[in-house]
>>> print(open('work08.csv').read())   # CSV, C-alpha atoms
chain,number,residue,atom,x,y,z
G,1,MET,CA,43.6,-89.7,-52.2
G,2,GLU,CA,44.7,-87.1,-49.8
G,3,ALA,CA,44.3,-83.3,-50.1
G,4,SER,CA,45.4,-80.1,-48.5
G,5,LEU,CA,43.7,-76.8,-48.2
G,6,SER,CA,45.6,-73.9,-49.8
G,7,LEU,CA,44.6,-70.4,-48.9
G,8,CYS,CA,45.1,-67.5,-51.3
G,9,ALA,CA,45.4,-64.3,-49.3
G,10,SER,CA,45.7,-61.9,-52.2
G,11,CYS,CA,43.4,-59.5,-50.4
G,12,TYR,CA,46.0,-59.1,-47.7
G,13,PRO,CA,48.8,-57.0,-49.0
G,14,SER,CA,50.8,-57.1,-45.8
G,15,SER,CA,51.0,-59.3,-42.8
G,16,SER,CA,49.4,-56.6,-40.7
G,17,SER,CA,46.2,-57.1,-42.6
G,18,TYR,CA,45.9,-60.8,-42.2
G,19,PRO,CA,42.7,-62.0,-40.5
G,20,LYS,CA,42.9,-61.1,-36.8
G,21,SER,CA,42.2,-64.7,-35.6
G,22,LEU,CA,41.5,-68.2,-36.8
G,23,PHE,CA,39.7,-70.8,-34.8
G,24,CYS,CA,41.6,-73.8,-33.8
G,25,PRO,CA,39.2,-76.8,-33.3
G,26,SER,CA,41.6,-78.9,-31.4
G,27,SER,CA,42.3,-76.5,-28.6
G,28,SER,CA,39.1,-74.3,-28.7
G,29,SER,CA,41.4,-71.3,-29.0
G,30,SER,CA,42.3,-68.8,-31.6
G,31,PHE,CA,45.6,-67.5,-32.8
G,32,SER,CA,46.5,-64.2,-34.4
G,33,SER,CA,48.5,-63.5,-37.6
G,34,GLN,CA,51.6,-62.9,-35.5
G,35,ASN,CA,51.1,-66.2,-33.6
G,36,MET,CA,50.5,-67.9,-36.9
G,37,LYS,CA,54.0,-67.0,-38.0
G,38,ALA,CA,55.5,-67.8,-34.7
G,39,GLY,CA,53.6,-71.0,-34.0
G,40,LYS,CA,52.1,-69.7,-30.8
G,41,GLY,CA,48.7,-69.5,-29.4
G,42,SER,CA,47.5,-73.1,-29.8
G,43,SER,CA,48.6,-76.7,-29.8
G,44,CYS,CA,48.7,-76.7,-33.6
G,45,SER,CA,51.9,-76.1,-35.6
G,46,PRO,CA,52.2,-72.9,-37.6
G,47,LEU,CA,49.7,-72.8,-40.4
G,48,SER,CA,48.3,-76.2,-39.5
G,49,TRP,CA,45.4,-77.2,-37.4
G,50,ARG,CA,43.5,-80.4,-36.6
G,51,SER,CA,40.0,-81.4,-35.6
G,52,HIS,CA,38.5,-84.7,-34.7
G,53,PHE,CA,36.6,-84.7,-38.0
G,54,CYS,CA,39.3,-84.0,-40.5
G,55,THR,CA,42.7,-82.4,-40.7
G,56,PHE,CA,43.6,-79.4,-42.9
G,57,SER,CA,47.1,-78.4,-43.8
G,58,PRO,CA,47.4,-75.1,-45.7
G,59,ARG,CA,50.7,-75.3,-47.6
G,60,TRP,CA,51.1,-71.7,-48.4
G,61,ILE,CA,49.7,-68.3,-48.4
G,62,GLU,CA,50.1,-66.9,-51.9
G,63,ARG,CA,49.7,-63.3,-53.1
G,64,LYS,CA,48.0,-62.6,-56.4
G,65,PRO,CA,47.4,-59.3,-58.2
G,66,GLU,CA,43.6,-59.2,-57.7
G,67,PRO,CA,43.1,-57.1,-54.5
G,68,ASP,CA,39.7,-57.9,-53.1
G,69,ARG,CA,39.5,-61.7,-53.3
G,70,LEU,CA,40.0,-64.5,-50.8
G,71,ALA,CA,40.1,-68.0,-52.4
G,72,ALA,CA,40.4,-71.4,-50.9
G,73,PHE,CA,41.5,-74.4,-52.9
G,74,ILE,CA,41.3,-78.1,-52.1
G,75,ARG,CA,44.1,-79.7,-54.1
G,76,ALA,CA,45.1,-83.3,-54.5
G,77,ASP,CA,48.3,-84.2,-52.7
G,78,ARG,CA,49.5,-87.8,-53.0
G,79,THR,CA,52.6,-87.0,-51.0
G,80,SER,CA,50.9,-85.5,-48.0
G,81,SER,CA,51.4,-86.9,-44.6
G,82,THR,CA,48.8,-87.2,-41.9
G,83,ASP,CA,48.3,-83.4,-42.0
G,84,SER,CA,45.7,-83.7,-44.9
G,85,VAL,CA,42.0,-84.2,-45.4
G,86,GLN,CA,41.0,-87.8,-44.9
G,87,PHE,CA,37.9,-88.1,-47.0
G,88,ASP,CA,36.9,-91.3,-45.3
G,89,THR,CA,36.3,-89.4,-42.1
G,90,LEU,CA,33.2,-87.8,-43.5
G,91,SER,CA,29.9,-88.6,-41.7
G,92,PRO,CA,28.4,-91.9,-42.8
G,93,ARG,CA,25.1,-89.9,-43.4
G,94,VAL,CA,26.8,-87.7,-46.0
G,95,ASN,CA,28.4,-90.7,-47.7
G,96,ALA,CA,25.0,-92.4,-47.9
G,97,VAL,CA,23.4,-89.4,-49.6
G,98,LYS,CA,23.5,-89.1,-53.3
G,99,PRO,CA,23.4,-85.7,-55.0
G,100,SER,CA,20.1,-84.7,-56.5
G,101,LYS,CA,20.2,-85.8,-60.1
G,102,THR,CA,17.9,-82.9,-61.0
G,103,ILE,CA,20.3,-80.3,-59.5
G,104,VAL,CA,23.4,-82.0,-60.9
G,105,ILE,CA,22.0,-82.0,-64.5
G,106,THR,CA,20.7,-78.5,-64.1
G,107,ASP,CA,24.1,-77.3,-63.0
G,108,GLN,CA,25.8,-79.1,-65.9
G,109,ALA,CA,23.4,-77.5,-68.4
G,110,ALA,CA,24.1,-74.1,-66.9
G,111,ALA,CA,27.8,-74.6,-67.2
G,112,LEU,CA,27.4,-75.6,-70.8
G,113,ILE,CA,25.3,-72.5,-71.5
G,114,ARG,CA,28.0,-70.3,-69.9
G,115,ALA,CA,30.5,-71.9,-72.2
G,116,GLY,CA,28.4,-71.0,-75.2
G,117,VAL,CA,26.6,-74.3,-75.8
G,118,PRO,CA,22.9,-73.6,-76.6
G,119,VAL,CA,21.4,-76.3,-74.2
G,120,ILE,CA,17.7,-76.5,-73.8
G,121,ARG,CA,17.0,-77.1,-70.1
G,122,LEU,CA,14.0,-79.4,-69.3
G,123,ALA,CA,15.4,-80.9,-66.1
G,124,ALA,CA,14.4,-78.6,-63.2
G,125,GLY,CA,10.8,-78.4,-62.0
G,126,GLU,CA,10.6,-74.6,-62.2
G,127,PRO,CA,7.7,-72.7,-63.8
G,128,ASP,CA,8.8,-70.3,-66.5
G,129,PHE,CA,6.2,-67.8,-65.5
G,130,ASP,CA,7.0,-64.7,-63.4
G,131,THR,CA,5.6,-64.5,-59.9
G,132,PRO,CA,2.1,-63.0,-60.1
G,133,ARG,CA,2.3,-59.2,-59.6
G,134,PRO,CA,0.2,-59.0,-56.4
G,135,ILE,CA,2.5,-61.4,-54.7
G,136,ALA,CA,5.6,-59.6,-55.9
G,137,GLU,CA,4.2,-56.3,-54.9
G,138,ALA,CA,3.5,-57.6,-51.4
G,139,GLY,CA,7.1,-58.6,-51.0
G,140,ILE,CA,8.3,-55.2,-52.3
G,141,GLN,CA,6.0,-53.5,-49.9
G,142,ALA,CA,7.3,-55.6,-47.0
G,143,ILE,CA,10.8,-54.3,-47.7
G,144,ARG,CA,9.6,-50.7,-48.0
G,145,GLU,CA,7.8,-50.9,-44.7
G,146,GLY,CA,10.8,-52.3,-43.0
G,147,PHE,CA,9.3,-55.8,-42.4
G,148,THR,CA,12.8,-57.3,-42.7
G,149,ARG,CA,13.5,-58.7,-39.2
G,150,TYR,CA,13.3,-62.1,-37.8
G,151,THR,CA,9.8,-63.6,-37.4
G,152,PRO,CA,8.8,-66.3,-34.9
G,153,ASN,CA,10.5,-69.6,-35.6
G,154,ALA,CA,7.2,-71.2,-36.7
G,155,GLY,CA,6.3,-68.3,-38.9
G,156,THR,CA,4.1,-65.2,-38.5
G,157,MET,CA,0.7,-65.8,-36.9
G,158,GLU,CA,-1.2,-64.1,-39.8
G,159,LEU,CA,0.3,-66.5,-42.3
G,160,ARG,CA,-0.2,-69.6,-40.2
G,161,MET,CA,-3.9,-68.6,-39.7
G,162,ALA,CA,-4.2,-68.0,-43.5
G,163,ILE,CA,-2.8,-71.5,-44.1
G,164,CYS,CA,-5.3,-73.0,-41.7
G,165,ASN,CA,-8.1,-71.3,-43.5
G,166,LYS,CA,-6.8,-72.5,-46.9
G,167,LEU,CA,-6.4,-76.1,-45.7
G,168,LYS,CA,-10.0,-76.1,-44.3
G,169,GLU,CA,-11.6,-74.5,-47.3
G,170,GLU,CA,-9.7,-76.3,-50.1
G,171,ASN,CA,-8.6,-79.6,-48.6
G,172,GLY,CA,-11.2,-80.3,-45.9
G,173,ILE,CA,-8.7,-80.7,-43.1
G,174,SER,CA,-8.7,-78.6,-39.9
G,175,TYR,CA,-5.6,-77.3,-38.1
G,176,SER,CA,-4.8,-74.6,-35.5
G,177,PRO,CA,-1.9,-72.2,-36.0
G,178,ASP,CA,0.3,-74.2,-33.6
G,179,GLU,CA,-0.1,-77.2,-35.9
G,180,ILE,CA,1.6,-75.3,-38.7
G,181,LEU,CA,5.3,-74.7,-39.3
G,182,ILE,CA,6.6,-72.3,-42.0
G,183,SER,CA,9.9,-73.5,-43.5
G,184,ASN,CA,12.5,-72.4,-46.0
G,185,GLY,CA,10.9,-74.3,-48.8
G,186,ALA,CA,9.0,-77.6,-48.8
G,187,LYS,CA,12.2,-79.7,-48.8
G,188,GLN,CA,13.2,-78.4,-45.4
G,189,GLY,CA,9.8,-79.4,-44.0
G,190,ILE,CA,10.3,-82.9,-45.4
G,191,VAL,CA,13.9,-83.2,-44.0
G,192,GLN,CA,12.8,-81.9,-40.6
G,193,ALA,CA,9.9,-84.3,-40.4
G,194,THR,CA,12.0,-87.2,-41.3
G,195,LEU,CA,14.7,-86.3,-38.7
G,196,ALA,CA,12.1,-85.7,-36.0
G,197,LEU,CA,9.8,-88.7,-36.5
G,198,CYS,CA,11.0,-91.4,-38.9
G,199,ALA,CA,12.6,-94.7,-38.3
G,200,PRO,CA,13.4,-97.1,-41.1
G,201,GLY,CA,10.2,-98.2,-42.9
G,202,ASP,CA,8.0,-95.4,-41.5
G,203,GLU,CA,5.7,-93.5,-43.8
G,204,VAL,CA,4.2,-90.3,-42.5
G,205,LEU,CA,4.6,-87.7,-45.2
G,206,SER,CA,2.3,-86.4,-47.9
G,207,ASP,CA,3.9,-83.9,-50.3
G,208,GLU,CA,1.1,-81.9,-51.8
G,209,ILE,CA,3.2,-79.2,-53.6
G,210,TYR,CA,1.5,-79.8,-56.9
G,211,GLU,CA,-2.1,-80.0,-55.6
G,212,ARG,CA,-3.2,-77.0,-57.7
G,213,ILE,CA,-1.7,-78.2,-60.9
G,214,THR,CA,-4.2,-80.9,-61.9
G,215,TYR,CA,-6.0,-81.5,-65.2
G,216,GLU,CA,-9.6,-82.5,-65.5
G,217,PRO,CA,-11.1,-84.9,-65.0
G,218,ALA,CA,-8.5,-85.6,-62.3
G,219,GLN,CA,-9.4,-84.4,-58.8
G,220,PHE,CA,-7.0,-83.8,-56.0
G,221,THR,CA,-7.6,-85.3,-52.5
G,222,SER,CA,-5.5,-84.5,-49.5
G,223,PHE,CA,-4.2,-87.6,-47.8
G,224,ALA,CA,-4.9,-86.3,-44.3
G,225,SER,CA,-8.6,-85.9,-45.2
G,226,LEU,CA,-9.0,-89.6,-45.7
G,227,PRO,CA,-10.7,-91.6,-42.8
G,228,ASP,CA,-8.3,-92.2,-39.8
G,229,MET,CA,-5.4,-90.5,-41.5
G,230,TRP,CA,-5.3,-87.0,-39.9
G,231,GLU,CA,-3.5,-88.3,-36.8
G,232,ARG,CA,-1.0,-90.3,-38.9
G,233,THR,CA,-0.1,-87.7,-41.6
G,234,LEU,CA,2.2,-84.7,-41.9
G,235,THR,CA,1.2,-82.7,-44.9
G,236,VAL,CA,4.0,-80.8,-46.7
G,237,ASN,CA,3.1,-78.0,-49.1
G,238,GLY,CA,4.5,-74.7,-50.4
G,239,PHE,CA,4.3,-71.8,-52.8
G,240,SER,CA,7.0,-72.6,-55.4
G,241,LYS,CA,5.1,-74.5,-58.0
G,242,ALA,CA,1.6,-73.2,-58.3
G,243,PHE,CA,2.5,-69.5,-57.6
G,244,ALA,CA,5.8,-69.5,-59.6
G,245,MET,CA,7.7,-68.6,-56.4
G,246,THR,CA,10.7,-71.0,-56.5
G,247,GLY,CA,13.2,-68.3,-55.6
G,248,TRP,CA,11.1,-67.1,-52.6
G,249,ARG,CA,11.9,-70.3,-50.8
G,250,LEU,CA,8.8,-70.9,-48.7
G,251,GLY,CA,7.0,-74.0,-47.7
G,252,TYR,CA,5.0,-75.3,-44.7
G,253,LEU,CA,4.2,-78.4,-42.8
G,254,ALA,CA,0.8,-79.2,-41.1
G,255,GLY,CA,0.1,-82.0,-38.7
G,256,PRO,CA,-0.6,-83.0,-35.1
G,257,LYS,CA,0.9,-80.5,-32.6
G,258,LYS,CA,3.3,-82.9,-31.0
G,259,PHE,CA,4.9,-83.7,-34.3
G,260,VAL,CA,5.0,-80.2,-35.6
G,261,THR,CA,6.5,-79.0,-32.3
G,262,ALA,CA,9.3,-81.6,-32.7
G,263,CYS,CA,10.0,-80.3,-36.3
G,264,SER,CA,10.0,-76.8,-35.0
G,265,LYS,CA,12.6,-77.6,-32.5
G,266,ILE,CA,14.9,-78.9,-35.2
G,267,GLN,CA,14.2,-75.8,-37.4
G,268,SER,CA,15.1,-73.5,-34.4
G,269,GLN,CA,18.6,-75.0,-34.5
G,270,PHE,CA,19.0,-75.3,-38.2
G,271,THR,CA,17.8,-72.0,-39.7
G,272,SER,CA,15.3,-70.4,-37.4
G,273,GLY,CA,12.3,-68.7,-39.1
G,274,ALA,CA,11.8,-68.3,-42.8
G,275,SER,CA,12.2,-65.0,-44.7
G,276,SER,CA,9.9,-62.3,-43.4
G,277,ILE,CA,9.6,-60.9,-46.9
G,278,SER,CA,8.6,-64.2,-48.4
G,279,GLN,CA,6.0,-64.7,-45.7
G,280,LYS,CA,4.3,-61.4,-46.6
G,281,ALA,CA,4.4,-62.5,-50.3
G,282,ALA,CA,2.8,-65.9,-49.4
G,283,LEU,CA,0.1,-64.2,-47.5
G,284,ALA,CA,-0.8,-62.3,-50.7
G,285,ALA,CA,-0.7,-65.5,-52.7
G,286,LEU,CA,-3.3,-67.1,-50.4
G,287,GLY,CA,-5.4,-64.0,-50.8
G,288,MET,CA,-5.7,-64.4,-54.6
G,289,GLY,CA,-8.8,-66.6,-54.4
G,290,PHE,CA,-9.8,-70.3,-54.2
G,291,ARG,CA,-7.1,-72.6,-55.6
G,292,GLY,CA,-5.0,-69.5,-56.4
G,293,GLY,CA,-7.6,-67.6,-58.5
G,294,GLU,CA,-7.3,-66.6,-62.1
G,295,ALA,CA,-3.5,-66.2,-62.2
G,296,VAL,CA,-2.9,-69.9,-61.2
G,297,SER,CA,-5.7,-71.0,-63.5
G,298,VAL,CA,-4.0,-69.4,-66.5
G,299,MET,CA,-0.7,-71.1,-65.7
G,300,VAL,CA,-2.4,-74.5,-65.3
G,301,GLN,CA,-4.1,-74.1,-68.6
G,302,ALA,CA,-0.8,-73.4,-70.3
G,303,PHE,CA,0.8,-76.4,-68.6
G,304,GLN,CA,-2.0,-78.6,-69.9
G,305,GLU,CA,-1.5,-77.3,-73.5
G,306,ARG,CA,2.2,-78.2,-73.2
G,307,ARG,CA,1.5,-81.6,-71.8
G,308,ASP,CA,-0.8,-82.3,-74.8
G,309,PHE,CA,1.8,-81.2,-77.2
G,310,LEU,CA,4.5,-83.5,-75.7
G,311,VAL,CA,2.1,-86.5,-75.5
G,312,LYS,CA,1.4,-86.1,-79.2
G,313,ARG,CA,5.1,-85.8,-80.2
G,314,LEU,CA,6.3,-88.6,-77.9
G,315,ARG,CA,3.7,-91.0,-79.1
G,316,ALA,CA,4.9,-90.5,-82.7
G,317,LEU,CA,8.4,-91.8,-81.7
G,318,ASP,CA,9.2,-95.4,-82.4
G,319,GLY,CA,9.4,-97.5,-79.3
G,320,VAL,CA,8.3,-94.9,-76.8
G,321,LYS,CA,5.6,-95.7,-74.3
G,322,LEU,CA,4.0,-93.3,-71.9
G,323,SER,CA,1.1,-92.6,-69.6
G,324,VAL,CA,-0.6,-89.2,-69.8
G,325,PRO,CA,0.1,-87.3,-66.6
G,326,GLN,CA,-2.9,-85.9,-64.7
G,327,GLY,CA,-1.1,-83.2,-62.8
G,328,ALA,CA,2.2,-81.4,-62.2
G,329,PHE,CA,4.4,-80.4,-65.2
G,330,TYR,CA,6.4,-83.5,-65.9
G,331,ILE,CA,6.1,-86.4,-68.4
G,332,PHE,CA,7.8,-89.8,-67.8
G,333,PRO,CA,8.1,-91.7,-71.1
G,334,ASP,CA,9.6,-95.2,-71.3
G,335,PHE,CA,12.6,-95.2,-73.6
G,336,SER,CA,13.9,-98.6,-72.6
G,337,SER,CA,13.4,-100.0,-76.2
G,338,TYR,CA,16.5,-98.0,-77.1
G,339,TYR,CA,18.7,-99.5,-74.4
G,340,GLY,CA,21.4,-101.7,-75.8
G,341,SER,CA,22.0,-99.4,-78.8
G,342,GLU,CA,25.6,-98.5,-79.5
G,343,VAL,CA,26.6,-95.1,-80.8
G,344,GLU,CA,29.9,-94.5,-82.5
G,345,GLY,CA,32.0,-92.0,-80.4
G,346,PHE,CA,29.6,-92.4,-77.4
G,347,GLY,CA,29.3,-96.0,-76.5
G,348,VAL,CA,26.4,-98.2,-75.4
G,349,ILE,CA,23.0,-96.8,-74.2
G,350,ASP,CA,22.6,-99.1,-71.2
G,351,GLY,CA,20.0,-97.1,-69.1
G,352,SER,CA,18.3,-93.8,-68.4
G,353,ASP,CA,21.5,-92.2,-67.2
G,354,SER,CA,23.5,-92.9,-70.4
G,355,LEU,CA,20.5,-92.0,-72.6
G,356,CYS,CA,20.2,-88.6,-70.9
G,357,ARG,CA,23.9,-88.1,-71.3
G,358,PHE,CA,23.6,-89.0,-75.0
G,359,LEU,CA,20.7,-86.5,-75.5
G,360,LEU,CA,22.6,-83.8,-73.7
G,361,ASP,CA,25.7,-84.5,-75.9
G,362,LYS,CA,23.9,-85.0,-79.3
G,363,ALA,CA,20.7,-83.1,-78.9
G,364,GLN,CA,21.8,-80.5,-76.4
G,365,VAL,CA,18.7,-81.1,-74.3
G,366,ALA,CA,19.0,-81.5,-70.5
G,367,LEU,CA,16.7,-84.2,-69.1
G,368,VAL,CA,16.7,-86.2,-65.8
G,369,PRO,CA,17.3,-90.0,-65.7
G,370,GLY,CA,14.3,-92.0,-64.5
G,371,GLU,CA,16.5,-94.0,-62.2
G,372,ALA,CA,16.5,-90.9,-59.9
G,373,PHE,CA,12.7,-91.5,-59.5
G,374,GLY,CA,12.7,-95.3,-59.2
G,375,ASP,CA,12.3,-96.4,-62.8
G,376,ASP,CA,15.4,-96.7,-65.0
G,377,ASN,CA,13.2,-97.5,-68.0
G,378,CYS,CA,12.1,-93.8,-68.2
G,379,ILE,CA,13.4,-90.3,-68.4
G,380,ARG,CA,11.7,-87.2,-66.9
G,381,ILE,CA,10.9,-84.3,-69.1
G,382,SER,CA,9.8,-81.0,-67.5
G,383,TYR,CA,7.3,-79.0,-69.6
G,384,ALA,CA,7.6,-75.9,-67.4
G,385,ALA,CA,8.8,-74.2,-70.6
G,386,SER,CA,7.2,-72.4,-73.5
G,387,LEU,CA,5.7,-74.3,-76.4
G,388,SER,CA,8.3,-72.9,-78.7
G,389,THR,CA,11.1,-74.2,-76.4
G,390,LEU,CA,9.4,-77.6,-76.2
G,391,GLN,CA,9.0,-77.8,-79.9
G,392,ALA,CA,12.7,-77.0,-80.5
G,393,ALA,CA,13.6,-79.6,-77.8
G,394,MET,CA,11.5,-82.4,-79.4
G,395,ASP,CA,13.0,-81.6,-82.9
G,396,LYS,CA,16.5,-82.1,-81.5
G,397,ILE,CA,15.6,-85.2,-79.5
G,398,GLU,CA,13.9,-86.8,-82.6
G,399,LYS,CA,17.0,-86.0,-84.7
G,400,ALA,CA,19.3,-87.5,-82.1
G,401,LEU,CA,17.2,-90.7,-81.7
G,402,ALA,CA,17.5,-91.2,-85.4
G,403,LEU,CA,21.1,-92.2,-84.7
G,404,LEU,CA,19.7,-95.1,-82.6
G,405,LYS,CA,17.5,-98.0,-83.4
G,406,PRO,CA,15.2,-99.5,-80.8
G,407,ALA,CA,17.1,-102.5,-79.6
G,408,ILE,CA,14.1,-104.2,-77.9
G,409,PRO,CA,11.0,-105.0,-80.0
G,410,VAL,CA,7.9,-103.1,-78.8
>>> encode(input="work08.csv", output="structure tokens")
Amino acid sequence: MEASLSLCASCYPSSSSYPKSLFCPSSSSSFSSQNMKAGKGSSCSPLSWRSHFCTFSPRWIERKPEPDRLAAFIRADRTSSTDSVQFDTLSPRVNAVKPSKTIVITDQAAALIRAGVPVIRLAAGEPDFDTPRPIAEAGIQAIREGFTRYTPNAGTMELRMAICNKLKEENGISYSPDEILISNGAKQGIVQATLALCAPGDEVLSDEIYERITYEPAQFTSFASLPDMWERTLTVNGFSKAFAMTGWRLGYLAGPKKFVTACSKIQSQFTSGASSISQKAALAALGMGFRGGEAVSVMVQAFQERRDFLVKRLRALDGVKLSVPQGAFYIFPDFSSYYGSEVEGFGVIDGSDSLCRFLLDKAQVALVPGEAFGDDNCIRISYAASLSTLQAAMDKIEKALALLKPAIPV
């Protein structure tokens, strides 16, 4: 399959208002709208340019009636010559990466909702609570006071010091500010640590983003606090889950200085420092008390009530097995007894992916296949939703499963 890139210049009513220049990768030069028409200013042919990664060939510039829009379309073109995108020239790294199942299903559910389908979304790990008011007010105040410029790449000193204090008091591990790196979410910290330190087979990370969301009698222990593990562990944490700050995009990494410095070097070239506003909000979050104070405690209690509700409903379903989760806000029931069932108009349920597609189709509930987390026998249900939402979802799931019969004796 070949493709070409077609540019819609509906926002340019005349040639004089075309973009002043476009960059030509093959010649490290630019060419103006006049040179574009004349074929001058680069080694490329008119309206065509080439790079050593892939080749783009815009076929036309087309005017449309909408005035303030610039659209770019990749369209299939089986008749294209070499002046087309060669998809096999993508980086092997990209080809080896699979899209996040959670994000894919969340986006699918959002698209269905926009189309008028009343999908219940239990896929994403996002608390349904608002960010606690003191945290939100700190972010607003940062904007009002003009704290909207770049911060140091590693994060503000006051936030790194507050994180050091938190790790010592709550986790029993000691760090200095230069052993802390603030990132744009915990995922960025994980990626940078992997790029900086890991070879195949290495294990150095401890993702502790759910540390505050645990249910008694379970007790959380930080991996770096174990004997002989501080020097060998990079701890990743953040503010998204416990403080309901998913959209603030702030995480952090703690570890030995030489490792954190390497991660900081990568961040300096990727994104530079995290949002200044979010850092002020995070500082307020850490000031709310031990383990997040009352605001976090109230959310954790609600999560536990939701967990207990789901455990009861799922255990009442034929053929479903599960372990009771001791933390976070997901449950991971085993539905493999339904695999092998065939549904008219849908096909065979042959794994967690097809079961989730079936439940999205028949029950209009979005869930994540367990294969994305290493166990195809299970599906992941997020209970970061209200009890009424969870009840409606379970009613729909139970009704859809009635169309199936457990194919494997339990």
>>> closest_atom_pairs(input="work08.csv", of="segment 238-356 of chain G", to="segment 158-171 of chain G", cutoff="9 Å", atoms="all atoms listed in the file", output="tab-separated table")
residue	atom	partner	partner_atom	distance
G:Tyr252	CA	G:Ile163	CA	8.7
G:Ala254	CA	G:Cys164	CA	8.7
G:Gln279	CA	G:Leu159	CA	6.9
G:Lys280	CA	G:Leu159	CA	7.8
G:Ala282	CA	G:Leu159	CA	7.6
G:Leu283	CA	G:Leu159	CA	5.7
G:Leu286	CA	G:Ala162	CA	7.0
G:Gly287	CA	G:Ala162	CA	8.4
G:Phe290	CA	G:Glu170	CA	7.3
G:Arg291	CA	G:Glu170	CA	7.1
>>> residues_around(input="work08.csv", residues="Val191 of chain G", least_positions_apart="6", cutoff="10 Å", atoms="only C-alpha atoms", output="list in words")
Cys263, Ile266 and Gln267 of chain G
>>> residues_around(input="work08.csv", residues="Leu197 of chain G", least_positions_apart="3", cutoff="10 Å", atoms="only C-alpha atoms", output="PyMOL selection string")
chain G and resi 192-194+202-204+259-260+262-263
>>> write_last_selection(input="work08.csv", atoms="C-alpha atoms", output="CSV table (one decimal), keeping the file's coordinate frame")
chain,number,residue,atom,x,y,z
G,192,GLN,CA,12.8,-81.9,-40.6
G,193,ALA,CA,9.9,-84.3,-40.4
G,194,THR,CA,12.0,-87.2,-41.3
G,202,ASP,CA,8.0,-95.4,-41.5
G,203,GLU,CA,5.7,-93.5,-43.8
G,204,VAL,CA,4.2,-90.3,-42.5
G,259,PHE,CA,4.9,-83.7,-34.3
G,260,VAL,CA,5.0,-80.2,-35.6
G,262,ALA,CA,9.3,-81.6,-32.7
G,263,CYS,CA,10.0,-80.3,-36.3
>>> residues_around(input="work08.csv", residues="segment 206-217 of chain G", least_positions_apart="6", cutoff="9 Å", atoms="only C-alpha atoms", output="list in words")
Ala186, Ile190, Phe223, Ala224, Thr233, Leu234, Thr235, Val236, Asn237, Gly238, Phe239, Ser240, Lys241, Ala242, Gly251, Arg291, Gly292, Val296, Ser297, Met299, Val300, Gln301, Phe303, Gln304, Pro325, Gln326, Gly327, Ala328 and Phe329 of chain G
>>> residues_near_point(input="work08.csv", point="(16.6, -77.2, -69.7)", cutoff="9 Å", atoms="only C-alpha atoms", output="list in words")
Ile105, Thr106, Ala109, Ala110, Val119, Ile120, Arg121, Leu122, Ala123, Ala124, Val365, Ala366, Leu367, Ser382, Ala385 and Ala393 of chain G
>>> atom_distance(input="work08.csv", atom1="atom CA of Ser388 of chain G", atom2="atom CA of Leu310 of chain G")
11.7 Å
>>> atom_distance(input="work08.csv", atom1="atom CA of Arg249 of chain G", atom2="atom CA of Gly185 of chain G")
4.6 Å
>>> closest_residue(input="work08.csv", among="G:Cys378, G:Val348, G:Leu90, G:Ile113", to="Lys405 of chain G", atoms="only C-alpha atoms")
G:Val348
>>> atom_distance(input="work08.csv", atom1="atom CA of Arg307 of chain G", atom2="atom CA of Ser222 of chain G")
23.6 Å
